[in-house]
>>> print(open('final_6.cif').read())   # mmCIF, C-alpha atoms
data_coords
#
loop_
_atom_site.group_PDB
_atom_site.id
_atom_site.type_symbol
_atom_site.label_atom_id
_atom_site.label_comp_id
_atom_site.auth_asym_id
_atom_site.auth_seq_id
_atom_site.Cartn_x
_atom_site.Cartn_y
_atom_site.Cartn_z
ATOM 1 C CA MET A 1203 2.684 57.310 132.818
ATOM 2 C CA ALA A 1204 2.064 55.478 136.074
ATOM 3 C CA LYS A 1205 2.813 57.470 139.197
ATOM 4 C CA GLY A 1206 4.115 55.613 142.195
ATOM 5 C CA PRO A 1207 7.200 54.003 143.727
ATOM 6 C CA VAL A 1208 9.898 52.704 141.399
ATOM 7 C CA VAL A 1209 11.710 49.467 142.225
ATOM 8 C CA PHE A 1210 15.419 49.087 141.313
ATOM 9 C CA ASP A 1211 16.805 45.542 141.124
ATOM 10 C CA LEU A 1212 20.260 45.592 142.828
ATOM 11 C CA ASP A 1213 20.762 41.844 142.946
ATOM 12 C CA ALA A 1214 22.509 41.552 139.589
ATOM 13 C CA GLU A 1215 25.849 43.229 140.292
ATOM 14 C CA GLU A 1216 28.057 44.137 137.332
ATOM 15 C CA PRO A 1217 31.701 42.993 137.563
ATOM 16 C CA SER A 1218 34.078 45.710 138.769
ATOM 17 C CA VAL A 1219 36.906 46.869 136.513
ATOM 18 C CA ASP A 1220 40.484 46.841 137.796
ATOM 19 C CA VAL A 1221 41.950 50.130 136.540
ATOM 20 C CA SER A 1222 45.507 49.178 137.472
ATOM 21 C CA ALA A 1223 45.380 46.227 135.075
ATOM 22 C CA ALA A 1224 44.588 48.423 132.077
ATOM 23 C CA PRO A 1225 47.369 48.539 129.480
ATOM 24 C CA PRO A 1226 49.376 51.779 129.255
ATOM 25 C CA VAL A 1227 48.328 54.330 126.670
ATOM 26 C CA PRO A 1228 50.885 54.118 123.858
ATOM 27 C CA ASP A 1229 52.723 57.164 122.590
ATOM 28 C CA VAL A 1230 51.761 58.552 119.232
ATOM 29 C CA ALA A 1231 55.252 57.626 118.030
ATOM 30 C CA PRO A 1232 57.712 55.311 119.766
ATOM 31 C CA VAL A 1233 60.833 56.718 121.411
ATOM 32 C CA GLN A 1234 63.614 56.499 118.842
ATOM 33 C CA GLY A 1235 66.470 58.677 120.135
ATOM 34 C CA GLN A 1236 65.909 61.046 117.243
ATOM 35 C CA ALA A 1237 68.684 63.483 118.217
ATOM 36 C CA MET A 1238 71.484 60.919 118.121
ATOM 37 C CA GLN A 1239 70.183 59.257 114.980
ATOM 38 C CA THR A 1240 70.019 62.642 113.230
ATOM 39 C CA ALA A 1241 73.552 63.498 114.378
ATOM 40 C CA VAL A 1242 74.849 60.141 113.138
ATOM 41 C CA ARG A 1243 73.200 60.571 109.744
ATOM 42 C CA LEU A 1244 74.554 64.103 109.364
ATOM 43 C CA ALA A 1245 78.117 63.097 110.182
ATOM 44 C CA ALA A 1246 78.117 59.825 108.240
ATOM 45 C CA ARG A 1247 76.568 61.257 105.086
ATOM 46 C CA LYS A 1248 79.110 61.344 102.264
ATOM 47 C CA PRO A 1249 79.038 64.535 100.173
ATOM 48 C CA SER A 1250 78.359 64.142 96.484
ATOM 49 C CA VAL A 1251 81.039 64.674 93.845
ATOM 50 C CA LEU A 1252 79.281 67.806 92.617
ATOM 51 C CA SER A 1253 79.182 69.359 96.104
ATOM 52 C CA ARG A 1254 82.876 68.554 96.658
ATOM 53 C CA TRP A 1255 83.761 70.273 93.390
ATOM 54 C CA PHE A 1256 81.580 73.248 94.327
ATOM 55 C CA TRP A 1257 83.148 73.768 97.743
ATOM 56 C CA GLY A 1258 86.651 73.161 96.396
ATOM 57 C CA LEU A 1259 86.241 75.731 93.601
ATOM 58 C CA ALA A 1260 84.492 78.183 95.943
ATOM 59 C CA THR A 1261 87.356 77.933 98.450
ATOM 60 C CA ALA A 1262 89.947 78.434 95.700
ATOM 61 C CA ALA A 1263 88.085 81.425 94.266
ATOM 62 C CA VAL A 1264 87.616 83.118 97.645
ATOM 63 C CA GLY A 1265 91.253 82.426 98.524
ATOM 64 C CA ALA A 1266 92.437 83.986 95.262
ATOM 65 C CA VAL A 1267 90.273 87.086 95.758
ATOM 66 C CA VAL A 1268 91.439 87.556 99.352
ATOM 67 C CA SER A 1269 95.106 87.027 98.424
ATOM 68 C CA ILE A 1270 95.003 89.517 95.540
ATOM 69 C CA ALA A 1271 93.126 92.082 97.636
ATOM 70 C CA ALA A 1272 95.648 91.707 100.478
ATOM 71 C CA TRP A 1273 98.570 92.046 98.046
ATOM 72 C CA ASP A 1274 97.114 95.196 96.448
ATOM 73 C CA PHE A 1275 96.368 96.656 99.860
ATOM 74 C CA VAL A 1276 99.882 96.066 101.191
ATOM 75 C CA THR A 1277 101.716 97.320 98.066
ATOM 76 C CA SER A 1278 99.588 100.474 97.854
ATOM 77 C CA LEU A 1279 100.078 101.118 101.568
ATOM 78 C CA VAL A 1280 103.854 100.740 101.222
ATOM 79 C CA LEU A 1281 103.838 103.390 98.483
ATOM 80 C CA ARG A 1282 101.673 105.820 100.516
ATOM 81 C CA ALA A 1283 103.136 105.242 103.988
ATOM 82 C CA PRO A 1284 106.273 103.065 103.901
ATOM 83 C CA VAL A 1285 106.601 102.579 107.668
ATOM 84 C CA LEU A 1286 102.944 101.619 108.170
ATOM 85 C CA GLY A 1287 103.063 99.491 105.031
ATOM 86 C CA TRP A 1288 105.989 97.427 106.288
ATOM 87 C CA ILE A 1289 104.299 96.993 109.664
ATOM 88 C CA VAL A 1290 101.186 95.626 107.952
ATOM 89 C CA THR A 1291 103.413 93.463 105.761
ATOM 90 C CA GLY A 1292 104.963 92.000 108.913
ATOM 91 C CA LEU A 1293 101.499 91.303 110.334
ATOM 92 C CA PHE A 1294 100.449 89.482 107.160
ATOM 93 C CA GLY A 1295 103.726 87.555 107.193
ATOM 94 C CA ALA A 1296 103.153 86.494 110.805
ATOM 95 C CA LEU A 1297 99.625 85.430 109.910
ATOM 96 C CA ALA A 1298 100.920 83.358 107.000
ATOM 97 C CA LEU A 1299 103.526 81.748 109.279
ATOM 98 C CA VAL A 1300 100.908 80.824 111.881
ATOM 99 C CA ALA A 1301 98.674 79.394 109.128
ATOM 100 C CA LEU A 1302 101.625 77.322 107.887
ATOM 101 C CA LEU A 1303 102.282 75.993 111.396
ATOM 102 C CA ILE A 1304 98.605 75.072 111.770
ATOM 103 C CA ALA A 1305 98.729 73.250 108.438
ATOM 104 C CA LEU A 1306 101.838 71.359 109.518
ATOM 105 C CA ARG A 1307 100.164 70.409 112.783
ATOM 106 C CA GLU A 1308 97.133 69.145 110.879
ATOM 107 C CA LEU A 1309 99.389 67.059 108.632
ATOM 108 C CA ALA A 1310 101.200 65.674 111.694
ATOM 109 C CA ALA A 1311 97.847 64.797 113.312
ATOM 110 C CA ILE A 1312 96.661 63.015 110.175
ATOM 111 C CA GLY A 1313 99.991 61.187 110.019
ATOM 112 C CA ARG A 1314 99.610 60.048 113.638
ATOM 113 C CA LEU A 1315 96.118 58.748 112.942
ATOM 114 C CA SER A 1316 97.526 56.924 109.918
ATOM 115 C CA ARG A 1317 100.159 55.302 112.162
ATOM 116 C CA ILE A 1318 97.427 54.013 114.462
ATOM 117 C CA ASP A 1319 95.492 52.695 111.471
ATOM 118 C CA GLY A 1320 98.645 50.999 110.188
ATOM 119 C CA LEU A 1321 99.276 49.335 113.558
ATOM 120 C CA ARG A 1322 95.683 48.118 113.629
ATOM 121 C CA ARG A 1323 95.914 46.590 110.141
ATOM 122 C CA ALA A 1324 99.263 44.946 110.882
ATOM 123 C CA ALA A 1325 97.844 43.477 114.102
ATOM 124 C CA ASP A 1326 94.822 42.109 112.220
ATOM 125 C CA GLU A 1327 97.142 40.465 109.683
ATOM 126 C CA ALA A 1328 99.342 38.984 112.419
ATOM 127 C CA LEU A 1329 96.293 37.537 114.182
ATOM 128 C CA ALA A 1330 94.841 36.154 110.945
ATOM 129 C CA ASP A 1331 98.144 34.470 110.028
ATOM 130 C CA GLU A 1332 99.126 33.606 113.635
ATOM 131 C CA ASP A 1333 102.499 35.136 112.787
ATOM 132 C CA LEU A 1334 104.489 35.570 116.017
ATOM 133 C CA LYS A 1335 107.320 37.443 114.310
ATOM 134 C CA LYS A 1336 104.948 39.996 112.833
ATOM 135 C CA ALA A 1337 103.121 40.267 116.165
ATOM 136 C CA ARG A 1338 106.381 41.046 117.977
ATOM 137 C CA ASP A 1339 107.194 43.672 115.361
ATOM 138 C CA VAL A 1340 103.762 45.278 115.870
ATOM 139 C CA THR A 1341 104.188 45.184 119.652
ATOM 140 C CA GLN A 1342 107.594 46.871 119.437
ATOM 141 C CA LYS A 1343 106.121 49.567 117.193
ATOM 142 C CA LEU A 1344 103.323 50.000 119.724
ATOM 143 C CA ILE A 1345 105.881 50.511 122.512
ATOM 144 C CA ASN A 1346 107.729 53.067 120.408
ATOM 145 C CA PHE A 1347 104.457 54.795 119.551
ATOM 146 C CA TYR A 1348 103.747 55.478 123.232
ATOM 147 C CA LYS A 1349 107.348 56.355 124.043
ATOM 148 C CA GLY A 1350 107.540 59.651 125.891
ATOM 149 C CA ARG A 1351 104.178 59.359 127.653
ATOM 150 C CA ASP A 1352 104.613 59.144 131.418
ATOM 151 C CA ASP A 1353 101.220 57.494 131.930
ATOM 152 C CA THR A 1354 102.352 54.471 129.867
ATOM 153 C CA LYS A 1355 105.902 54.100 131.206
ATOM 154 C CA TRP A 1356 105.122 51.337 133.696
ATOM 155 C CA GLY A 1357 103.113 49.380 131.128
ATOM 156 C CA ARG A 1358 105.818 49.766 128.466
ATOM 157 C CA ASP A 1359 108.485 48.497 130.848
ATOM 158 C CA ARG A 1360 106.378 45.510 131.896
ATOM 159 C CA LEU A 1361 105.566 44.687 128.279
ATOM 160 C CA ASN A 1362 109.239 44.852 127.314
ATOM 161 C CA GLU A 1363 110.132 42.482 130.158
ATOM 162 C CA ARG A 1364 107.468 39.878 129.346
ATOM 163 C CA MET A 1365 107.387 39.905 125.539
ATOM 164 C CA ALA A 1366 109.742 36.921 125.309
ATOM 165 C CA GLU A 1367 107.397 34.792 127.462
ATOM 166 C CA GLN A 1368 104.704 34.696 124.748
ATOM 167 C CA PHE A 1369 104.832 32.117 121.942
ATOM 168 C CA ASP A 1370 101.739 33.024 119.910
ATOM 169 C CA ALA A 1371 100.400 36.234 118.371
ATOM 170 C CA SER A 1372 97.111 36.337 120.267
ATOM 171 C CA GLY A 1373 98.829 35.813 123.623
ATOM 172 C CA LEU A 1374 101.310 38.605 122.890
ATOM 173 C CA PHE A 1375 98.572 41.048 121.954
ATOM 174 C CA GLU A 1376 96.569 40.130 125.066
ATOM 175 C CA LEU A 1377 99.679 40.860 127.136
ATOM 176 C CA ALA A 1378 99.966 44.245 125.405
ATOM 177 C CA GLU A 1379 96.323 44.919 126.246
ATOM 178 C CA ASP A 1380 96.829 43.939 129.900
ATOM 179 C CA GLU A 1381 99.998 45.909 130.498
ATOM 180 C CA LEU A 1382 99.781 48.888 128.141
ATOM 181 C CA LEU A 1383 96.253 49.495 126.844
ATOM 182 C CA ALA A 1384 94.079 48.618 129.862
ATOM 183 C CA PRO A 1385 94.561 52.028 131.593
ATOM 184 C CA LEU A 1386 93.837 53.795 128.299
ATOM 185 C CA ASP A 1387 90.680 51.700 127.842
ATOM 186 C CA ALA A 1388 89.497 52.711 131.322
ATOM 187 C CA ALA A 1389 90.099 56.419 130.605
ATOM 188 C CA ALA A 1390 88.263 56.168 127.269
ATOM 189 C CA SER A 1391 85.320 54.427 128.973
ATOM 190 C CA ARG A 1392 85.025 57.290 131.459
ATOM 191 C CA GLU A 1393 84.873 59.778 128.586
ATOM 192 C CA VAL A 1394 82.105 57.736 126.936
ATOM 193 C CA GLU A 1395 80.047 57.578 130.126
ATOM 194 C CA ALA A 1396 80.404 61.328 130.734
ATOM 195 C CA ALA A 1397 79.252 62.125 127.182
ATOM 196 C CA ALA A 1398 76.287 59.745 127.482
ATOM 197 C CA ARG A 1399 75.162 61.413 130.716
ATOM 198 C CA GLN A 1400 75.469 64.877 129.185
ATOM 199 C CA VAL A 1401 73.432 64.003 126.090
ATOM 200 C CA ALA A 1402 70.753 62.254 128.159
ATOM 201 C CA THR A 1403 70.415 65.172 130.579
ATOM 202 C CA VAL A 1404 70.189 67.881 127.915
ATOM 203 C CA THR A 1405 67.685 65.922 125.817
ATOM 204 C CA ALA A 1406 65.459 65.233 128.823
ATOM 205 C CA LEU A 1407 65.559 68.666 130.443
ATOM 206 C CA VAL A 1408 66.012 71.215 127.633
ATOM 207 C CA PRO A 1409 62.829 71.580 125.538
ATOM 208 C CA LEU A 1410 64.359 73.895 122.884
ATOM 209 C CA ALA A 1411 64.037 72.779 119.274
ATOM 210 C CA LEU A 1412 67.252 71.308 117.803
ATOM 211 C CA ALA A 1413 69.053 71.784 121.130
ATOM 212 C CA ASP A 1414 69.222 68.023 121.594
ATOM 213 C CA VAL A 1415 70.608 67.463 118.073
ATOM 214 C CA VAL A 1416 73.273 70.157 118.487
ATOM 215 C CA THR A 1417 74.207 68.841 121.931
ATOM 216 C CA ALA A 1418 74.380 65.251 120.702
ATOM 217 C CA LEU A 1419 76.601 66.176 117.756
ATOM 218 C CA ALA A 1420 78.872 68.467 119.800
ATOM 219 C CA ALA A 1421 79.216 65.942 122.636
ATOM 220 C CA SER A 1422 79.987 63.153 120.160
ATOM 221 C CA LEU A 1423 82.648 65.235 118.387
ATOM 222 C CA ARG A 1424 84.278 66.154 121.694
ATOM 223 C CA MET A 1425 84.083 62.566 122.941
ATOM 224 C CA ILE A 1426 85.651 61.153 119.776
ATOM 225 C CA ARG A 1427 88.422 63.765 119.921
ATOM 226 C CA ARG A 1428 89.170 62.925 123.565
ATOM 227 C CA ILE A 1429 89.196 59.187 122.857
ATOM 228 C CA ALA A 1430 91.620 59.756 119.973
ATOM 229 C CA GLU A 1431 93.870 61.783 122.283
ATOM 230 C CA ILE A 1432 93.769 59.074 124.949
ATOM 231 C CA TYR A 1433 94.921 56.453 122.463
ATOM 232 C CA GLY A 1434 97.568 58.796 121.055
ATOM 233 C CA GLY A 1435 95.791 60.228 118.020
ATOM 234 C CA ARG A 1436 95.752 63.925 118.965
ATOM 235 C CA SER A 1437 93.637 64.733 115.922
ATOM 236 C CA GLY A 1438 93.399 68.279 114.562
ATOM 237 C CA PHE A 1439 90.335 69.825 112.953
ATOM 238 C CA LEU A 1440 90.539 68.047 109.603
ATOM 239 C CA GLY A 1441 91.808 64.812 111.120
ATOM 240 C CA GLY A 1442 89.120 64.966 113.791
ATOM 241 C CA TRP A 1443 86.351 65.364 111.221
ATOM 242 C CA ARG A 1444 87.808 62.517 109.177
ATOM 243 C CA LEU A 1445 87.932 60.340 112.282
ATOM 244 C CA THR A 1446 84.367 61.279 113.234
ATOM 245 C CA ARG A 1447 83.093 60.258 109.808
ATOM 246 C CA ALA A 1448 84.955 56.948 110.127
ATOM 247 C CA VAL A 1449 83.308 56.288 113.516
ATOM 248 C CA PHE A 1450 79.793 57.119 112.317
ATOM 249 C CA VAL A 1451 80.217 55.162 109.089
ATOM 250 C CA HIS A 1452 81.294 52.214 111.258
ATOM 251 C CA LEU A 1453 78.143 52.678 113.352
ATOM 252 C CA VAL A 1454 75.849 52.780 110.335
ATOM 253 C CA ALA A 1455 77.570 49.779 108.745
ATOM 254 C CA THR A 1456 77.191 47.648 111.876
ATOM 255 C CA GLY A 1457 73.608 48.754 112.542
ATOM 256 C CA ALA A 1458 74.501 49.978 116.043
ATOM 257 C CA VAL A 1459 72.091 52.918 115.846
ATOM 258 C CA ALA A 1460 69.010 50.685 115.933
ATOM 259 C CA VAL A 1461 66.691 51.238 118.913
ATOM 260 C CA GLY A 1462 64.885 48.535 120.855
ATOM 261 C CA ASP A 1463 63.758 47.639 124.350
ATOM 262 C CA ASP A 1464 67.107 45.916 124.966
ATOM 263 C CA LEU A 1465 68.879 49.278 124.637
ATOM 264 C CA LEU A 1466 67.777 50.456 128.104
ATOM 265 C CA GLU A 1467 67.161 47.083 129.721
ATOM 266 C CA PRO A 1468 70.480 47.323 131.655
ATOM 267 C CA VAL A 1469 69.222 50.566 133.228
ATOM 268 C CA LEU A 1470 65.535 50.004 133.956
ATOM 269 C CA GLY A 1471 64.816 46.406 132.997
ATOM 270 C CA GLY A 1472 61.928 44.913 131.097
ATOM 271 C CA SER A 1473 59.989 46.617 128.331
ATOM 272 C CA VAL A 1474 61.065 50.129 129.256
ATOM 273 C CA LEU A 1475 60.347 52.236 126.182
ATOM 274 C CA SER A 1476 56.590 51.972 126.742
ATOM 275 C CA LYS A 1477 56.839 52.897 130.443
ATOM 276 C CA LEU A 1478 58.827 56.132 130.259
ATOM 277 C CA SER A 1479 57.580 59.653 129.780
ATOM 278 C CA ARG A 1480 58.397 60.622 126.221
ATOM 279 C CA ARG A 1481 60.954 63.340 127.029
ATOM 280 C CA PHE A 1482 62.893 61.268 129.577
ATOM 281 C CA GLY A 1483 62.650 58.279 127.248
ATOM 282 C CA GLU A 1484 64.261 60.290 124.442
ATOM 283 C CA GLY A 1485 66.959 61.439 126.857
ATOM 284 C CA LEU A 1486 67.845 57.942 127.990
ATOM 285 C CA VAL A 1487 67.798 56.529 124.456
ATOM 286 C CA ASN A 1488 70.005 59.360 123.150
ATOM 287 C CA GLY A 1489 72.409 58.774 126.038
ATOM 288 C CA ALA A 1490 72.508 55.058 125.294
ATOM 289 C CA LEU A 1491 73.163 55.728 121.605
ATOM 290 C CA SER A 1492 75.966 58.114 122.626
ATOM 291 C CA ALA A 1493 77.523 55.239 124.554
ATOM 292 C CA ARG A 1494 77.336 53.114 121.414
ATOM 293 C CA VAL A 1495 79.085 55.897 119.481
ATOM 294 C CA GLY A 1496 81.785 55.946 122.148
ATOM 295 C CA VAL A 1497 82.354 52.200 121.946
ATOM 296 C CA ALA A 1498 82.639 52.478 118.161
ATOM 297 C CA ALA A 1499 85.147 55.333 118.602
ATOM 298 C CA MET A 1500 87.234 53.192 120.954
ATOM 299 C CA ASP A 1501 87.192 50.412 118.395
ATOM 300 C CA VAL A 1502 88.308 52.760 115.598
ATOM 301 C CA CYS A 1503 90.917 54.759 117.565
ATOM 302 C CA ARG A 1504 92.566 51.836 119.376
ATOM 303 C CA PRO A 1505 95.881 50.689 117.853
ATOM 304 C CA LEU A 1506 95.097 47.012 118.588
ATOM 305 C CA PRO A 1507 91.825 45.168 118.008
ATOM 306 C CA PHE A 1508 89.901 44.208 121.142
ATOM 307 C CA SER A 1509 90.260 40.624 122.243
ATOM 308 C CA ASP A 1510 87.169 38.846 123.578
ATOM 309 C CA ARG A 1511 88.390 39.304 127.139
ATOM 310 C CA HIS A 1512 88.981 43.057 126.805
ATOM 311 C CA LYS A 1513 86.129 44.005 124.487
ATOM 312 C CA PRO A 1514 84.025 46.685 126.242
ATOM 313 C CA SER A 1515 80.439 45.774 127.072
ATOM 314 C CA THR A 1516 78.080 48.371 125.654
ATOM 315 C CA ARG A 1517 75.330 47.221 128.037
ATOM 316 C CA ALA A 1518 77.579 47.600 131.095
ATOM 317 C CA MET A 1519 78.748 51.020 129.932
ATOM 318 C CA ILE A 1520 75.164 52.192 129.420
ATOM 319 C CA LYS A 1521 74.251 50.927 132.879
ATOM 320 C CA ARG A 1522 77.151 52.746 134.554
ATOM 321 C CA ALA A 1523 76.444 55.956 132.640
ATOM 322 C CA LEU A 1524 72.658 56.196 132.955
ATOM 323 C CA THR A 1525 71.577 54.294 136.072
ATOM 324 C CA GLY A 1526 70.109 56.737 138.599
ATOM 325 C CA LEU A 1527 70.514 59.713 136.258
ATOM 326 C CA PHE A 1528 66.989 61.054 136.806
ATOM 327 C CA THR A 1529 66.337 59.533 140.237
ATOM 328 C CA LYS A 1530 67.694 60.172 143.701
ATOM 329 C CA THR A 1531 70.331 57.737 144.855
#
>>> encode(input="final_6.cif", output="structure tokens")
Amino acid sequence: MAKGPVVFDLDAEEPSVDVSAAPPVPDVAPVQGQAMQTAVRLAARKPSVLSRWFWGLATAAVGAVVSIAAWDFVTSLVLRAPVLGWIVTGLFGALALVALLIALRELAAIGRLSRIDGLRRAADEALADEDLKKARDVTQKLINFYKGRDDTKWGRDRLNERMAEQFDASGLFELAEDELLAPLDAAASREVEAAARQVATVTALVPLALADVVTALAASLRMIRRIAEIYGGRSGFLGGWRLTRAVFVHLVATGAVAVGDDLLEPVLGGSVLSKLSRRFGEGLVNGALSARVGVAAMDVCRPLPFSDRHKPSTRAMIKRALTGLFTKT
């Protein structure tokens, strides 16, 4: 090896690399809003015939065993200690009475939901046939349905005064939306936005396994129940579960649980799903999907179909609910 000075040629400069222009590193899996999609699938899944028979027979068997055991317990207690036995008999009788009242309330709630569904179908028929007479009949039933609610009194009075001014079914229903249903739509929209914010926050900030799924399902159930109450449904436990299944089946049927860049474009703009941290991205997507669930619930629970002018904008609702959620204003 030759020993001596070494010459380095520095004239040929290599081109510099602009690090800021490098593409972002993609996630291992794209953000999909897994919590809300899992909640939707769980609620929309229809039980099989075999499972329905199993749970029905299991409930009947357990009910029979409990009833016979309670009867034997009370009769034997009456024989041993008459006073104590009759006291326990009164307690069981009160329990049975309360259970009967709960059952009647559930039946009344299901009946009220059926009335809303009947109004919706009659309105669809009146619009399809452009039948003014049928539309006026539906509108009068709608007024009677909300009779007794102070928050709708002004709208009911205005609608009664102006019904005769309308000469087509669509115009009459738009008047009903303006005067009677618009405040209810605004209240339902606020419930949807609050639920979307809650789901987004919990998903983004709580790292516990399944916490986001449980929160998404619980928030959706509560939101759907509140929307039903706003529109006059007041669903009980069984009616609320039936209504929830109807909402989620509607979502699955319309494909509203699909995720894409356009889902959060109203909030952040552009191709956002590749720019977010994964946890915050899941939070925002779950919140946006919750808003879609809320819009579907409004569509199902509302006694009249939305006209084009009153149909809620899912994009605008997502923007109001999620803009600035994880940033300082």
>>> atom_distance(input="final_6.cif", atom1="atom CA of A:Phe1375", atom2="atom CA of A:Ala1499")
19.9 Å
>>> closest_residue(input="final_6.cif", among="A:Ser1515, A:Leu1382, A:Ile1345, A:Val1340", to="A:Gly1357", atoms="all atoms listed in the file")
A:Leu1382
>>> closest_residue(input="final_6.cif", among="A:Val1285, A:Arg1504, A:Ala1301, A:Arg1428", to="A:Arg1392", atoms="only C-alpha atoms")
A:Arg1428
>>> resolve_selection(input="final_6.cif", expression="the PyMOL selection byres ((chain A and resi 1509) around 10)", output="PyMOL selection string")
chain A and resi 1372-1373+1375-1376+1379+1506-1508+1510-1514
>>> residues_around(input="final_6.cif", residues="stretch 1494-1497 of chain A", least_positions_apart="3", cutoff="9 Å", atoms="only C-alpha atoms", output="JSON, numbers by chain")
{"A": [1242, 1390, 1391, 1393, 1394, 1395, 1397, 1398, 1422, 1425, 1426, 1429, 1449, 1450, 1453, 1458, 1459, 1489, 1490, 1491, 1500, 1501, 1502, 1514, 1515, 1516, 1519, 1520]}
>>> write_last_selection(input="final_6.cif", atoms="C-alpha atoms", output="PDB file, keeping the file's coordinate frame")
ATOM      1  CA  VAL A1242      74.849  60.141 113.138  1.00  0.00           C
ATOM      2  CA  ALA A1390      88.263  56.168 127.269  1.00  0.00           C
ATOM      3  CA  SER A1391      85.320  54.427 128.973  1.00  0.00           C
ATOM      4  CA  GLU A1393      84.873  59.778 128.586  1.00  0.00           C
ATOM      5  CA  VAL A1394      82.105  57.736 126.936  1.00  0.00           C
ATOM      6  CA  GLU A1395      80.047  57.578 130.126  1.00  0.00           C
ATOM      7  CA  ALA A1397      79.252  62.125 127.182  1.00  0.00           C
ATOM      8  CA  ALA A1398      76.287  59.745 127.482  1.00  0.00           C
ATOM      9  CA  SER A1422      79.987  63.153 120.160  1.00  0.00           C
ATOM     10  CA  MET A1425      84.083  62.566 122.941  1.00  0.00           C
ATOM     11  CA  ILE A1426      85.651  61.153 119.776  1.00  0.00           C
ATOM     12  CA  ILE A1429      89.196  59.187 122.857  1.00  0.00           C
ATOM     13  CA  VAL A1449      83.308  56.288 113.516  1.00  0.00           C
ATOM     14  CA  PHE A1450      79.793  57.119 112.317  1.00  0.00           C
ATOM     15  CA  LEU A1453      78.143  52.678 113.352  1.00  0.00           C
ATOM     16  CA  ALA A1458      74.501  49.978 116.043  1.00  0.00           C
ATOM     17  CA  VAL A1459      72.091  52.918 115.846  1.00  0.00           C
ATOM     18  CA  GLY A1489      72.409  58.774 126.038  1.00  0.00           C
ATOM     19  CA  ALA A1490      72.508  55.058 125.294  1.00  0.00           C
ATOM     20  CA  LEU A1491      73.163  55.728 121.605  1.00  0.00           C
ATOM     21  CA  MET A1500      87.234  53.192 120.954  1.00  0.00           C
ATOM     22  CA  ASP A1501      87.192  50.412 118.395  1.00  0.00           C
ATOM     23  CA  VAL A1502      88.308  52.760 115.598  1.00  0.00           C
ATOM     24  CA  PRO A1514      84.025  46.685 126.242  1.00  0.00           C
ATOM     25  CA  SER A1515      80.439  45.774 127.072  1.00  0.00           C
ATOM     26  CA  THR A1516      78.080  48.371 125.654  1.00  0.00           C
ATOM     27  CA  MET A1519      78.748  51.020 129.932  1.00  0.00           C
ATOM     28  CA  ILE A1520      75.164  52.192 129.420  1.00  0.00           C
TER      29      ILE A1520
END
>>> atom_distance(input="final_6.cif", atom1="atom CA of A:Thr1446", atom2="atom CA of A:Ala1420")
11.2 Å
>>> residues_around(input="final_6.cif", residues="stretch 1313-1328 of chain A", least_positions_apart="4", cutoff="8 Å", atoms="only C-alpha atoms", output="list in words")
Leu1309, Glu1332, Asp1333, Leu1334, Lys1336, Ala1337, Val1340, Lys1343, Leu1344, Ala1371, Gly1434, Gly1435, Arg1436, Ser1437, Gly1441, Cys1503, Arg1504, Pro1505, Leu1506 and Pro1507 of chain A
>>> axis_aligned_box(input="final_6.cif", around="stretch 1398-1402 of chain A", padding_each_side="6 Å", output="JSON")
{"center_x": 73.5, "center_y": 62.3, "center_z": 128.4, "size_x": 17.5, "size_y": 17.1, "size_z": 16.6}
>>> resolve_selection(input="final_6.cif", expression="the PyMOL selection byres ((chain A and resi 1274-1277) around 12)", output="MDAnalysis selection string")
chainID A and resid 1267:1273 1278:1295
>>> resolve_selection(input="final_6.cif", expression="the PyMOL selection byres ((chain A and resi 1364) around 12)", output="list in words")
Arg1338, Thr1341, Gly1357, Arg1358, Asp1359, Arg1360, Leu1361, Asn1362, Glu1363, Met1365, Ala1366, Glu1367, Gln1368, Phe1369, Gly1373, Leu1374, Phe1375, Glu1376, Leu1377, Ala1378, Asp1380, Glu1381 and Leu1382 of chain A
>>> atom_distance(input="final_6.cif", atom1="atom CA of A:Ile1432", atom2="atom CA of A:Leu1386")
6.3 Å
>>> closest_residue(input="final_6.cif", among="A:Val1408, A:Ala1402, A:Ala1418, A:Leu1423", to="A:Glu1484", atoms="only C-alpha atoms")
A:Ala1402
>>> decode(input="final_6.cif", residues="stretch 1343-1348 of chain A", atoms="N, CA, C and O atoms", output="short mmCIF file (atom, residue, chain, number, x, y, z; two decimals), in the first residue's frame")
data_model
loop_
_atom_site.label_atom_id
_atom_site.label_comp_id
_atom_site.auth_asym_id
_atom_site.auth_seq_id
_atom_site.Cartn_x
_atom_site.Cartn_y
_atom_site.Cartn_z
N LYS A 1343 -103.78 13.56 12.09
CA LYS A 1343 -103.33 12.51 13.03
C LYS A 1343 -102.02 12.91 13.67
O LYS A 1343 -101.78 12.61 14.86
N LEU A 1344 -101.15 13.57 12.92
CA LEU A 1344 -99.87 14.03 13.48
C LEU A 1344 -100.11 15.07 14.57
O LEU A 1344 -99.46 15.03 15.63
N ILE A 1345 -101.04 15.98 14.33
CA ILE A 1345 -101.38 17.00 15.34
C ILE A 1345 -101.92 16.33 16.60
O ILE A 1345 -101.55 16.69 17.72
N ASN A 1346 -102.80 15.36 16.41
CA ASN A 1346 -103.36 14.66 17.57
C ASN A 1346 -102.30 13.85 18.30
O ASN A 1346 -102.36 13.68 19.52
N PHE A 1347 -101.32 13.33 17.54
CA PHE A 1347 -100.27 12.53 18.16
C PHE A 1347 -99.44 13.37 19.13
O PHE A 1347 -99.03 12.88 20.19
N TYR A 1348 -99.19 14.63 18.79
CA TYR A 1348 -98.40 15.50 19.65
C TYR A 1348 -99.26 16.33 20.60
O TYR A 1348 -98.74 17.23 21.27
#
